[in-house]
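Quick notes on the structure that follows.
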Amino acid sequence: MATPADTTGLQQLADSGKIKPDTLVALVGKTEGTGAHDDWGRVWADVVLREWTGKFLGIPASEVAKQVIFVLSGGCPGVITPHIAAVTREWVEVPEKSADEHGEKMLVVGRAGSDPMPPEEVGRMGQIEKVAEATRRAMADAGLTDPHDVHLVMVKVPGLTTSSIKDAESRGKTVVSHDLTFGPEGAGVYANDAAALGVAMALGEVPASALSDDVVRRNWDLFSEVAMTSSGGEKRHGEVVLFGNSTSSRSSLRIGHAVTKDFIDAEGVRNALRSAGLQFEVLPAERDLARLVHMFAKSVIPGSDQVRGQRITLLDDVDAYQIGKALGGMLVASVTGRTTNYVSGGERNSHQGPPGGNIVAAVVRAEG
């Protein structure tokens with residue numbers, strides 16, 4: 001994307017027939033801007049993309065969310081290229097005899113929207129439960145029954161704004177935070193982490209009995225290894241797009257994921273490639289990387305000021321939020337040799353992955 005309003009690339013995909021109105025499932029990507037709650041670059045992109053998608057589908061822009069999931073992450077510091085990945089799904093007829101003979105698990109995609117999330121639910125059990133319910137429906141939409149076949153769940157949920165806080169308080173409700181930043185006690189990270197715990201609850205990574213308002217951003221032993229979440233004040237309900245592998249799929253693509261142990265763990269990124277089906281011992285060759293379709297990664301700032309026993313000053317840096325994303329972008333690009341990687345993050349600590357670790361997912365094309 002040359003600007004947040006640039007839809008020429010999508011139009012080229014439409015003109016070439018690579019995306020069709022009846023196959024488009026989601027638009028996922030990075031938009032330039034601050035990435036903060038008032039990131040008007042992301043909001044601008046969301047508005048323009050919905051208008052374009054509405055025209056493409058032949059429906060009003062206000063109806064687009066019922067058919068296409070939008071997960072836009074703002075902020076492209078460092079070597080993250082602003083881009084959109086168009087996710088499509090097509091149904092194909094196969095001979096009945098061969099329906100169960102396809103042994104390899106290949107890519108499937110599911111989508112779902114949640115019920116509206118009022119501001120008093122942001123960062124709390126109300127948001128957790130609604131994301132969990134939407135995740136279950138997205139899993140069913142993908143035709144999956146085993147949570148182990150799920151490798152990535154991307155969620156976009158409402159955050160808080162000055163106006164939404166006023167709305168809640170005018171109705172006698174409280175909100176989780178008046179801090180609108182993505183700092184340690186910011187409303188943005190509470191929203192992101194409640195969404196992550198919703199995914200963890202739906203997939204059985206965390207028992208429902210362990211969840212409450214009090215554990216959000218407090219108990220770091222509770223986390224999901226496949227949730228990548230973000231939030232924005234422009235949202236009113238949650239949107240979920242889920243990726244997994246199934247023997248029922250006839251896709252030529254496969255997804256895998258891994259967890260990095262820290263900010264400099266390139267091997268963790270390579271393990272995501274291996275999980276998706278690339279076979280290499282030390283480093284992927286150019287022919288391996290030619291099969292890479294897309295990478296998705298979180299880049300959360302650790303709560304500790306140490307990496308592998310050595311002190312770092314990131315926690316004291318006023319630009320830590322942007323630097324955190326930039327570090328993740330550079331780590332992934334150093335392995336993939338490309339900058340069109342989805343890298344979200346910047347928050348300090350998260351329920352998206354274990355403490356200090358970050359989730360990385362890779363979609364690759366099968367050999368042959």
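Convention: chains lettered A, B, ... in structure tokens order; per-chain residue numbering from 1; ligands numbered from 1 as shown.
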| task | Name the residues in contact with Phe56 of chain A at a cut-off of 9 Å, using only C-alpha atoms, excluding same-chain residues fewer than 2 positions from it; report them as a ChimeraX atom specification. | result | /A:11,14,20-21,51-54,58-59
May I have a table of the residues of segment 167-202 of chain A lying at most 9 Å from segment 23-36 of chain A, giving each one's closest pair of atoms and their distance in Å to one decimal, counting only C-alpha atoms, ordered by chain and ascending residue number, as JSON lines?
```
{"residue": "A:Leu180", "atom": "CA", "partner": "A:Ala36", "partner_atom": "CA", "distance": 8.4}
{"residue": "A:Thr181", "atom": "CA", "partner": "A:Ala36", "partner_atom": "CA", "distance": 6.5}
{"residue": "A:Phe182", "atom": "CA", "partner": "A:Ala36", "partner_atom": "CA", "distance": 6.9}
{"residue": "A:Gly188", "atom": "CA", "partner": "A:Ala36", "partner_atom": "CA", "distance": 8.1}
```
May I have the residues from that selection written out with all heavy atoms, as a PDB file, in the first residue's frame?
```pdb
ATOM      1  N   LEU A 180      -5.516   5.601  27.722  1.00  0.00           N
ATOM      2  CA  LEU A 180      -5.849   5.172  26.368  1.00  0.00           C
ATOM      3  C   LEU A 180      -4.644   4.690  25.566  1.00  0.00           C
ATOM      4  O   LEU A 180      -4.766   4.422  24.372  1.00  0.00           O
ATOM      5  CB  LEU A 180      -6.542   6.323  25.620  1.00  0.00           C
ATOM      6  CG  LEU A 180      -7.870   6.784  26.227  1.00  0.00           C
ATOM      7  CD1 LEU A 180      -8.474   7.901  25.392  1.00  0.00           C
ATOM      8  CD2 LEU A 180      -8.849   5.628  26.359  1.00  0.00           C
ATOM      9  N   THR A 181      -3.502   4.552  26.199  1.00  0.00           N
ATOM     10  CA  THR A 181      -2.293   4.124  25.496  1.00  0.00           C
ATOM     11  C   THR A 181      -2.173   2.600  25.481  1.00  0.00           C
ATOM     12  O   THR A 181      -3.052   1.877  25.958  1.00  0.00           O
ATOM     13  CB  THR A 181      -1.045   4.703  26.171  1.00  0.00           C
ATOM     14  OG1 THR A 181      -0.820   4.021  27.425  1.00  0.00           O
ATOM     15  CG2 THR A 181      -1.204   6.190  26.441  1.00  0.00           C
ATOM     16  N   PHE A 182      -1.038   2.136  24.942  1.00  0.00           N
ATOM     17  CA  PHE A 182      -0.696   0.714  25.003  1.00  0.00           C
ATOM     18  C   PHE A 182       0.405   0.477  26.037  1.00  0.00           C
ATOM     19  O   PHE A 182       1.184  -0.464  25.935  1.00  0.00           O
ATOM     20  CB  PHE A 182      -0.257   0.211  23.619  1.00  0.00           C
ATOM     21  CG  PHE A 182      -1.420  -0.044  22.690  1.00  0.00           C
ATOM     22  CD1 PHE A 182      -1.981   0.992  21.963  1.00  0.00           C
ATOM     23  CD2 PHE A 182      -1.965  -1.303  22.566  1.00  0.00           C
ATOM     24  CE1 PHE A 182      -3.056   0.773  21.117  1.00  0.00           C
ATOM     25  CE2 PHE A 182      -3.053  -1.530  21.730  1.00  0.00           C
ATOM     26  CZ  PHE A 182      -3.602  -0.487  21.000  1.00  0.00           C
ATOM     27  N   GLY A 188      -5.649  -0.261  25.712  1.00  0.00           N
ATOM     28  CA  GLY A 188      -5.353  -1.042  24.517  1.00  0.00           C
ATOM     29  C   GLY A 188      -4.823  -2.427  24.833  1.00  0.00           C
ATOM     30  O   GLY A 188      -5.243  -3.414  24.214  1.00  0.00           O
TER      31      GLY A 188
END
```
| Nearest candidate to Asp317 of chain A (options A:Val199, A:Gly183, A:Met330, A:Gly277; using only C-alpha atoms) |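 Of A:Val199, A:Gly183, A:Met330, A:Gly277, the one nearest Asp317 of chain A, counting only C-alpha atoms, is A:Gly183.
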| remark: Across A:Glu239, A:Gly204, A:Ile359, A:Gly159, the smallest distance to Asn271 of chain A, with only C-alpha atoms counted, is shown by A:Ile359
| task | Tell me, as JSON, numbers by chain, which residues lie within 10 Å of segment 321-328 of chain A, counting only C-alpha atoms; anything in the same chain fewer than 4 positions away does not count. | result | {"A": [34, 35, 36, 75, 76, 77, 78, 79, 80, 181, 182, 183, 263, 264, 297, 298, 299, 300, 301, 302, 314, 315, 317, 332, 333, 334, 341, 342, 343, 344, 345, 346, 347, 348, 358]}
| remark: Of A:Gly113, A:Val216, A:Glu234, A:Gln352, the one nearest to Val47 of chain A when counting only C-alpha atoms is A:Glu234
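Taking atom CA of Arg89 of chain A as the reference point, atom CA of Thr145 of chain A is found at 18.5 Å.
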| query | If you run DSSP on the backbone, which residues of segment 239-276 of chain A are strand (DSSP E), as a VMD selection string? | reply | chain A and resid 239 to 246 253 to 260
| task | Would you work out the distance separating atom CA of Tyr190 of chain A from atom CA of Asp141 of chain A, expressed in Å to one decimal? | result |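 Computing it gives 27.5 Å between the two atoms.
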